[in-house]
Amino acid sequence: MKMFLDVPKVYLHKQPVDFRKSINGLSLLVEQEMQISPFSGALFVFCNRQRTRLKVLYWDSTGFCLWYK
């Protein structure tokens, strides 16, 4: 897995996200609300309501990766 070697862009979803969402729900948000292809290779960053946690969605050409911090 290539980790962030050539990340073209980083997008921050401005509104808080329900953190029960996983890869499918977050990629749907990217497509519908942000109107960007989740397969673009960019990083998509989401935060919870309290802004104390992050989820990062990333497509690495073999599948989605989801990081939670």
# chains A, B, ... in the order shown; residues from 1 in each chain; ligands from 1
>>> select_by_dssp(residues="chain A", states="strand (DSSP E or B)", output="list in words")
Val10, Tyr11, Leu12, Leu43, Phe44, Val45, Phe46, Cys47, Leu54, Lys55, Val56, Leu57, Tyr58, Trp59, Phe64, Cys65, Leu66, Trp67 and Tyr68 of chain A
>>> residues_around(residues="stretch 28-37 of chain A", least_positions_apart="2", cutoff="12 Å", atoms="only C-alpha atoms", output="mmCIF file with N, CA, C and O atoms, in the first residue's frame")
data_model
loop_
_atom_site.group_PDB
_atom_site.id
_atom_site.type_symbol
_atom_site.label_atom_id
_atom_site.label_comp_id
_atom_site.auth_asym_id
_atom_site.auth_seq_id
_atom_site.Cartn_x
_atom_site.Cartn_y
_atom_site.Cartn_z
ATOM 1 N N LYS A 9 -4.732 16.197 -3.723
ATOM 2 C CA LYS A 9 -5.446 17.226 -2.951
ATOM 3 C C LYS A 9 -5.946 16.649 -1.641
ATOM 4 O O LYS A 9 -6.086 15.441 -1.498
ATOM 5 N N VAL A 10 -6.246 17.550 -0.709
ATOM 6 C CA VAL A 10 -6.863 17.187 0.566
ATOM 7 C C VAL A 10 -8.138 18.017 0.689
ATOM 8 O O VAL A 10 -8.092 19.243 0.574
ATOM 9 N N TYR A 11 -9.259 17.332 0.901
ATOM 10 C CA TYR A 11 -10.551 18.009 1.035
ATOM 11 C C TYR A 11 -11.073 17.823 2.450
ATOM 12 O O TYR A 11 -11.041 16.724 2.994
ATOM 13 N N LEU A 12 -11.561 18.900 3.033
ATOM 14 C CA LEU A 12 -12.156 18.872 4.364
ATOM 15 C C LEU A 12 -13.655 19.059 4.230
ATOM 16 O O LEU A 12 -14.109 20.047 3.654
ATOM 17 N N HIS A 13 -14.418 18.095 4.734
ATOM 18 C CA HIS A 13 -15.879 18.217 4.762
ATOM 19 C C HIS A 13 -16.223 19.167 5.902
ATOM 20 O O HIS A 13 -15.900 18.901 7.051
ATOM 21 N N LYS A 14 -16.840 20.288 5.590
ATOM 22 C CA LYS A 14 -17.028 21.359 6.579
ATOM 23 C C LYS A 14 -18.007 21.012 7.687
ATOM 24 O O LYS A 14 -17.823 21.419 8.825
ATOM 25 N N GLN A 15 -19.054 20.278 7.364
ATOM 26 C CA GLN A 15 -20.073 19.945 8.356
ATOM 27 C C GLN A 15 -19.662 18.705 9.146
ATOM 28 O O GLN A 15 -19.011 17.815 8.608
ATOM 29 N N PRO A 16 -20.042 18.636 10.427
ATOM 30 C CA PRO A 16 -19.758 17.420 11.210
ATOM 31 C C PRO A 16 -20.464 16.211 10.595
ATOM 32 O O PRO A 16 -21.526 16.339 9.995
ATOM 33 N N VAL A 17 -19.865 15.049 10.780
ATOM 34 C CA VAL A 17 -20.367 13.817 10.193
ATOM 35 C C VAL A 17 -20.692 12.829 11.309
ATOM 36 O O VAL A 17 -19.990 12.775 12.318
ATOM 37 N N ASP A 18 -21.744 12.065 11.115
ATOM 38 C CA ASP A 18 -22.090 10.979 12.031
ATOM 39 C C ASP A 18 -20.992 9.921 11.921
ATOM 40 O O ASP A 18 -20.791 9.336 10.859
ATOM 41 N N LYS A 21 -20.865 6.287 10.313
ATOM 42 C CA LYS A 21 -20.662 6.042 8.885
ATOM 43 C C LYS A 21 -19.293 5.411 8.670
ATOM 44 O O LYS A 21 -18.313 5.780 9.308
ATOM 45 N N SER A 22 -19.262 4.482 7.743
ATOM 46 C CA SER A 22 -17.999 3.842 7.404
ATOM 47 C C SER A 22 -17.644 4.194 5.963
ATOM 48 O O SER A 22 -18.083 5.231 5.461
ATOM 49 N N ILE A 23 -16.887 3.356 5.301
ATOM 50 C CA ILE A 23 -16.393 3.664 3.963
ATOM 51 C C ILE A 23 -17.530 3.952 2.993
ATOM 52 O O ILE A 23 -17.479 4.941 2.258
ATOM 53 N N ASN A 24 -18.548 3.124 2.978
ATOM 54 C CA ASN A 24 -19.648 3.317 2.024
ATOM 55 C C ASN A 24 -20.372 4.642 2.254
ATOM 56 O O ASN A 24 -20.645 5.379 1.310
ATOM 57 N N GLY A 25 -20.688 4.954 3.497
ATOM 58 C CA GLY A 25 -21.399 6.193 3.811
ATOM 59 C C GLY A 25 -20.578 7.434 3.534
ATOM 60 O O GLY A 25 -21.078 8.428 3.010
ATOM 61 N N LEU A 26 -19.293 7.372 3.858
ATOM 62 C CA LEU A 26 -18.428 8.525 3.628
ATOM 63 C C LEU A 26 -18.158 8.739 2.138
ATOM 64 O O LEU A 26 -18.143 9.872 1.661
ATOM 65 N N PHE A 39 -12.687 8.236 -5.994
ATOM 66 C CA PHE A 39 -11.596 7.457 -6.592
ATOM 67 C C PHE A 39 -10.491 8.344 -7.156
ATOM 68 O O PHE A 39 -9.616 7.874 -7.873
ATOM 69 N N SER A 40 -10.513 9.620 -6.835
ATOM 70 C CA SER A 40 -9.546 10.566 -7.393
ATOM 71 C C SER A 40 -8.157 10.444 -6.774
ATOM 72 O O SER A 40 -7.204 11.028 -7.281
ATOM 73 N N GLY A 41 -8.023 9.741 -5.668
ATOM 74 C CA GLY A 41 -6.735 9.622 -4.998
ATOM 75 C C GLY A 41 -6.502 10.706 -3.960
ATOM 76 O O GLY A 41 -5.481 10.708 -3.280
ATOM 77 N N ALA A 42 -7.450 11.620 -3.830
ATOM 78 C CA ALA A 42 -7.341 12.696 -2.839
ATOM 79 C C ALA A 42 -7.677 12.157 -1.449
ATOM 80 O O ALA A 42 -8.290 11.096 -1.305
ATOM 81 N N LEU A 43 -7.285 12.919 -0.442
ATOM 82 C CA LEU A 43 -7.671 12.598 0.937
ATOM 83 C C LEU A 43 -8.939 13.368 1.270
ATOM 84 O O LEU A 43 -9.035 14.560 0.972
ATOM 85 N N PHE A 44 -9.887 12.697 1.893
ATOM 86 C CA PHE A 44 -11.131 13.323 2.326
ATOM 87 C C PHE A 44 -11.196 13.234 3.841
ATOM 88 O O PHE A 44 -11.185 12.144 4.397
ATOM 89 N N VAL A 45 -11.228 14.393 4.496
ATOM 90 C CA VAL A 45 -11.153 14.465 5.953
ATOM 91 C C VAL A 45 -12.525 14.850 6.504
ATOM 92 O O VAL A 45 -13.139 15.808 6.043
ATOM 93 N N PHE A 46 -12.979 14.090 7.505
ATOM 94 C CA PHE A 46 -14.262 14.321 8.154
ATOM 95 C C PHE A 46 -14.027 14.447 9.655
ATOM 96 O O PHE A 46 -13.124 13.816 10.199
ATOM 97 N N VAL A 56 -10.344 9.858 7.898
ATOM 98 C CA VAL A 56 -9.758 10.209 6.613
ATOM 99 C C VAL A 56 -10.013 9.058 5.651
ATOM 100 O O VAL A 56 -9.659 7.908 5.935
ATOM 101 N N LEU A 57 -10.624 9.377 4.523
ATOM 102 C CA LEU A 57 -10.929 8.392 3.489
ATOM 103 C C LEU A 57 -9.969 8.596 2.330
ATOM 104 O O LEU A 57 -9.720 9.725 1.908
ATOM 105 N N TYR A 58 -9.451 7.486 1.802
ATOM 106 C CA TYR A 58 -8.421 7.555 0.766
ATOM 107 C C TYR A 58 -8.550 6.349 -0.152
ATOM 108 O O TYR A 58 -8.755 5.224 0.316
ATOM 109 N N TRP A 59 -8.458 6.560 -1.455
ATOM 110 C CA TRP A 59 -8.456 5.479 -2.432
ATOM 111 C C TRP A 59 -7.020 5.272 -2.901
ATOM 112 O O TRP A 59 -6.387 6.194 -3.421
#
>>> closest_residue(among="A:Asp60, A:Phe19, A:Arg53, A:Lys69", to="A:Asp6", atoms="only C-alpha atoms")
A:Asp60
>>> atom_distance(atom1="atom CA of A:Lys55", atom2="atom CA of A:Arg20")
10.8 Å
>>> select_by_dssp(residues="chain A", states="alpha helix (DSSP H)", output="list in words")
Ile23, Asn24, Gly25, Leu26, Ser27, Leu28, Leu29, Val30, Glu31 and Gln32 of chain A
>>> decode(residues="stretch 20-54 of chain A", atoms="N, CA, C and O atoms", output="PDB file, in the first residue's frame")
ATOM      1  N   ARG A  20     -20.778   7.006  12.870  1.00  0.00           N
ATOM      2  CA  ARG A  20     -21.182   5.625  12.642  1.00  0.00           C
ATOM      3  C   ARG A  20     -21.035   5.272  11.169  1.00  0.00           C
ATOM      4  O   ARG A  20     -21.057   4.107  10.807  1.00  0.00           O
ATOM      5  N   LYS A  21     -20.865   6.287  10.313  1.00  0.00           N
ATOM      6  CA  LYS A  21     -20.662   6.042   8.885  1.00  0.00           C
ATOM      7  C   LYS A  21     -19.293   5.411   8.670  1.00  0.00           C
ATOM      8  O   LYS A  21     -18.313   5.780   9.308  1.00  0.00           O
ATOM      9  N   SER A  22     -19.262   4.482   7.743  1.00  0.00           N
ATOM     10  CA  SER A  22     -17.999   3.842   7.404  1.00  0.00           C
ATOM     11  C   SER A  22     -17.644   4.194   5.963  1.00  0.00           C
ATOM     12  O   SER A  22     -18.083   5.231   5.461  1.00  0.00           O
ATOM     13  N   ILE A  23     -16.887   3.356   5.301  1.00  0.00           N
ATOM     14  CA  ILE A  23     -16.393   3.664   3.963  1.00  0.00           C
ATOM     15  C   ILE A  23     -17.530   3.952   2.993  1.00  0.00           C
ATOM     16  O   ILE A  23     -17.479   4.941   2.258  1.00  0.00           O
ATOM     17  N   ASN A  24     -18.548   3.124   2.978  1.00  0.00           N
ATOM     18  CA  ASN A  24     -19.648   3.317   2.024  1.00  0.00           C
ATOM     19  C   ASN A  24     -20.372   4.642   2.254  1.00  0.00           C
ATOM     20  O   ASN A  24     -20.645   5.379   1.310  1.00  0.00           O
ATOM     21  N   GLY A  25     -20.688   4.954   3.497  1.00  0.00           N
ATOM     22  CA  GLY A  25     -21.399   6.193   3.811  1.00  0.00           C
ATOM     23  C   GLY A  25     -20.578   7.434   3.534  1.00  0.00           C
ATOM     24  O   GLY A  25     -21.078   8.428   3.010  1.00  0.00           O
ATOM     25  N   LEU A  26     -19.293   7.372   3.858  1.00  0.00           N
ATOM     26  CA  LEU A  26     -18.428   8.525   3.628  1.00  0.00           C
ATOM     27  C   LEU A  26     -18.158   8.739   2.138  1.00  0.00           C
ATOM     28  O   LEU A  26     -18.143   9.872   1.661  1.00  0.00           O
ATOM     29  N   SER A  27     -17.978   7.664   1.392  1.00  0.00           N
ATOM     30  CA  SER A  27     -17.763   7.828  -0.050  1.00  0.00           C
ATOM     31  C   SER A  27     -19.016   8.360  -0.731  1.00  0.00           C
ATOM     32  O   SER A  27     -18.928   9.120  -1.699  1.00  0.00           O
ATOM     33  N   LEU A  28     -20.183   8.012  -0.215  1.00  0.00           N
ATOM     34  CA  LEU A  28     -21.434   8.561  -0.731  1.00  0.00           C
ATOM     35  C   LEU A  28     -21.525  10.063  -0.449  1.00  0.00           C
ATOM     36  O   LEU A  28     -21.964  10.835  -1.301  1.00  0.00           O
ATOM     37  N   LEU A  29     -21.079  10.504   0.734  1.00  0.00           N
ATOM     38  CA  LEU A  29     -21.028  11.933   1.044  1.00  0.00           C
ATOM     39  C   LEU A  29     -20.091  12.675   0.093  1.00  0.00           C
ATOM     40  O   LEU A  29     -20.396  13.781  -0.348  1.00  0.00           O
ATOM     41  N   VAL A  30     -18.970  12.064  -0.208  1.00  0.00           N
ATOM     42  CA  VAL A  30     -18.013  12.691  -1.131  1.00  0.00           C
ATOM     43  C   VAL A  30     -18.662  12.876  -2.497  1.00  0.00           C
ATOM     44  O   VAL A  30     -18.581  13.951  -3.094  1.00  0.00           O
ATOM     45  N   GLU A  31     -19.336  11.838  -2.973  1.00  0.00           N
ATOM     46  CA  GLU A  31     -19.969  11.914  -4.296  1.00  0.00           C
ATOM     47  C   GLU A  31     -21.131  12.889  -4.335  1.00  0.00           C
ATOM     48  O   GLU A  31     -21.226  13.725  -5.235  1.00  0.00           O
ATOM     49  N   GLN A  32     -22.036  12.788  -3.364  1.00  0.00           N
ATOM     50  CA  GLN A  32     -23.271  13.558  -3.428  1.00  0.00           C
ATOM     51  C   GLN A  32     -23.136  14.983  -2.907  1.00  0.00           C
ATOM     52  O   GLN A  32     -23.629  15.912  -3.527  1.00  0.00           O
ATOM     53  N   GLU A  33     -22.509  15.172  -1.776  1.00  0.00           N
ATOM     54  CA  GLU A  33     -22.442  16.510  -1.178  1.00  0.00           C
ATOM     55  C   GLU A  33     -21.248  17.319  -1.694  1.00  0.00           C
ATOM     56  O   GLU A  33     -21.369  18.507  -1.946  1.00  0.00           O
ATOM     57  N   MET A  34     -20.112  16.666  -1.823  1.00  0.00           N
ATOM     58  CA  MET A  34     -18.911  17.381  -2.259  1.00  0.00           C
ATOM     59  C   MET A  34     -18.772  17.373  -3.782  1.00  0.00           C
ATOM     60  O   MET A  34     -17.996  18.131  -4.332  1.00  0.00           O
ATOM     61  N   GLN A  35     -19.501  16.491  -4.444  1.00  0.00           N
ATOM     62  CA  GLN A  35     -19.508  16.344  -5.902  1.00  0.00           C
ATOM     63  C   GLN A  35     -18.104  16.128  -6.472  1.00  0.00           C
ATOM     64  O   GLN A  35     -17.688  16.759  -7.428  1.00  0.00           O
ATOM     65  N   ILE A  36     -17.382  15.220  -5.819  1.00  0.00           N
ATOM     66  CA  ILE A  36     -16.035  14.837  -6.233  1.00  0.00           C
ATOM     67  C   ILE A  36     -16.004  13.312  -6.281  1.00  0.00           C
ATOM     68  O   ILE A  36     -16.658  12.648  -5.487  1.00  0.00           O
ATOM     69  N   SER A  37     -15.233  12.772  -7.182  1.00  0.00           N
ATOM     70  CA  SER A  37     -15.093  11.323  -7.242  1.00  0.00           C
ATOM     71  C   SER A  37     -14.225  10.837  -6.084  1.00  0.00           C
ATOM     72  O   SER A  37     -13.103  11.319  -5.908  1.00  0.00           O
ATOM     73  N   PRO A  38     -14.724   9.889  -5.294  1.00  0.00           N
ATOM     74  CA  PRO A  38     -13.900   9.364  -4.198  1.00  0.00           C
ATOM     75  C   PRO A  38     -12.712   8.547  -4.702  1.00  0.00           C
ATOM     76  O   PRO A  38     -11.814   8.221  -3.945  1.00  0.00           O
ATOM     77  N   PHE A  39     -12.687   8.236  -5.994  1.00  0.00           N
ATOM     78  CA  PHE A  39     -11.596   7.457  -6.592  1.00  0.00           C
ATOM     79  C   PHE A  39     -10.491   8.344  -7.156  1.00  0.00           C
ATOM     80  O   PHE A  39      -9.616   7.874  -7.873  1.00  0.00           O
ATOM     81  N   SER A  40     -10.513   9.620  -6.835  1.00  0.00           N
ATOM     82  CA  SER A  40      -9.546  10.566  -7.393  1.00  0.00           C
ATOM     83  C   SER A  40      -8.157  10.444  -6.774  1.00  0.00           C
ATOM     84  O   SER A  40      -7.204  11.028  -7.281  1.00  0.00           O
ATOM     85  N   GLY A  41      -8.023   9.741  -5.668  1.00  0.00           N
ATOM     86  CA  GLY A  41      -6.735   9.622  -4.998  1.00  0.00           C
ATOM     87  C   GLY A  41      -6.502  10.706  -3.960  1.00  0.00           C
ATOM     88  O   GLY A  41      -5.481  10.708  -3.280  1.00  0.00           O
ATOM     89  N   ALA A  42      -7.450  11.620  -3.830  1.00  0.00           N
ATOM     90  CA  ALA A  42      -7.341  12.696  -2.839  1.00  0.00           C
ATOM     91  C   ALA A  42      -7.677  12.157  -1.449  1.00  0.00           C
ATOM     92  O   ALA A  42      -8.290  11.096  -1.305  1.00  0.00           O
ATOM     93  N   LEU A  43      -7.285  12.919  -0.442  1.00  0.00           N
ATOM     94  CA  LEU A  43      -7.671  12.598   0.937  1.00  0.00           C
ATOM     95  C   LEU A  43      -8.939  13.368   1.270  1.00  0.00           C
ATOM     96  O   LEU A  43      -9.035  14.560   0.972  1.00  0.00           O
ATOM     97  N   PHE A  44      -9.887  12.697   1.893  1.00  0.00           N
ATOM     98  CA  PHE A  44     -11.131  13.323   2.326  1.00  0.00           C
ATOM     99  C   PHE A  44     -11.196  13.234   3.841  1.00  0.00           C
ATOM    100  O   PHE A  44     -11.185  12.144   4.397  1.00  0.00           O
ATOM    101  N   VAL A  45     -11.228  14.393   4.496  1.00  0.00           N
ATOM    102  CA  VAL A  45     -11.153  14.465   5.953  1.00  0.00           C
ATOM    103  C   VAL A  45     -12.525  14.850   6.504  1.00  0.00           C
ATOM    104  O   VAL A  45     -13.139  15.808   6.043  1.00  0.00           O
ATOM    105  N   PHE A  46     -12.979  14.090   7.505  1.00  0.00           N
ATOM    106  CA  PHE A  46     -14.262  14.321   8.154  1.00  0.00           C
ATOM    107  C   PHE A  46     -14.027  14.447   9.655  1.00  0.00           C
ATOM    108  O   PHE A  46     -13.124  13.816  10.199  1.00  0.00           O
ATOM    109  N   CYS A  47     -14.838  15.252  10.333  1.00  0.00           N
ATOM    110  CA  CYS A  47     -14.710  15.377  11.787  1.00  0.00           C
ATOM    111  C   CYS A  47     -16.070  15.163  12.438  1.00  0.00           C
ATOM    112  O   CYS A  47     -17.116  15.256  11.802  1.00  0.00           O
ATOM    113  N   ASN A  48     -16.032  14.866  13.736  1.00  0.00           N
ATOM    114  CA  ASN A  48     -17.275  14.656  14.482  1.00  0.00           C
ATOM    115  C   ASN A  48     -17.824  16.006  14.968  1.00  0.00           C
ATOM    116  O   ASN A  48     -17.232  17.057  14.746  1.00  0.00           O
ATOM    117  N   ARG A  49     -18.970  15.962  15.619  1.00  0.00           N
ATOM    118  CA  ARG A  49     -19.644  17.187  16.055  1.00  0.00           C
ATOM    119  C   ARG A  49     -18.809  17.999  17.033  1.00  0.00           C
ATOM    120  O   ARG A  49     -18.758  19.219  16.970  1.00  0.00           O
ATOM    121  N   GLN A  50     -18.111  17.334  17.947  1.00  0.00           N
ATOM    122  CA  GLN A  50     -17.294  18.026  18.942  1.00  0.00           C
ATOM    123  C   GLN A  50     -15.935  18.449  18.374  1.00  0.00           C
ATOM    124  O   GLN A  50     -15.164  19.138  19.041  1.00  0.00           O
ATOM    125  N   ARG A  51     -15.639  18.002  17.154  1.00  0.00           N
ATOM    126  CA  ARG A  51     -14.363  18.265  16.486  1.00  0.00           C
ATOM    127  C   ARG A  51     -13.170  17.758  17.313  1.00  0.00           C
ATOM    128  O   ARG A  51     -12.131  18.399  17.417  1.00  0.00           O
ATOM    129  N   THR A  52     -13.352  16.567  17.886  1.00  0.00           N
ATOM    130  CA  THR A  52     -12.288  15.936  18.665  1.00  0.00           C
ATOM    131  C   THR A  52     -11.738  14.695  17.969  1.00  0.00           C
ATOM    132  O   THR A  52     -10.753  14.121  18.434  1.00  0.00           O
ATOM    133  N   ARG A  53     -12.387  14.257  16.888  1.00  0.00           N
ATOM    134  CA  ARG A  53     -11.963  13.059  16.175  1.00  0.00           C
ATOM    135  C   ARG A  53     -11.989  13.309  14.666  1.00  0.00           C
ATOM    136  O   ARG A  53     -12.765  14.121  14.176  1.00  0.00           O
ATOM    137  N   LEU A  54     -11.156  12.562  13.959  1.00  0.00           N
ATOM    138  CA  LEU A  54     -11.082  12.671  12.503  1.00  0.00           C
ATOM    139  C   LEU A  54     -11.227  11.302  11.871  1.00  0.00           C
ATOM    140  O   LEU A  54     -10.790  10.295  12.428  1.00  0.00           O
TER     141      LEU A  54
END
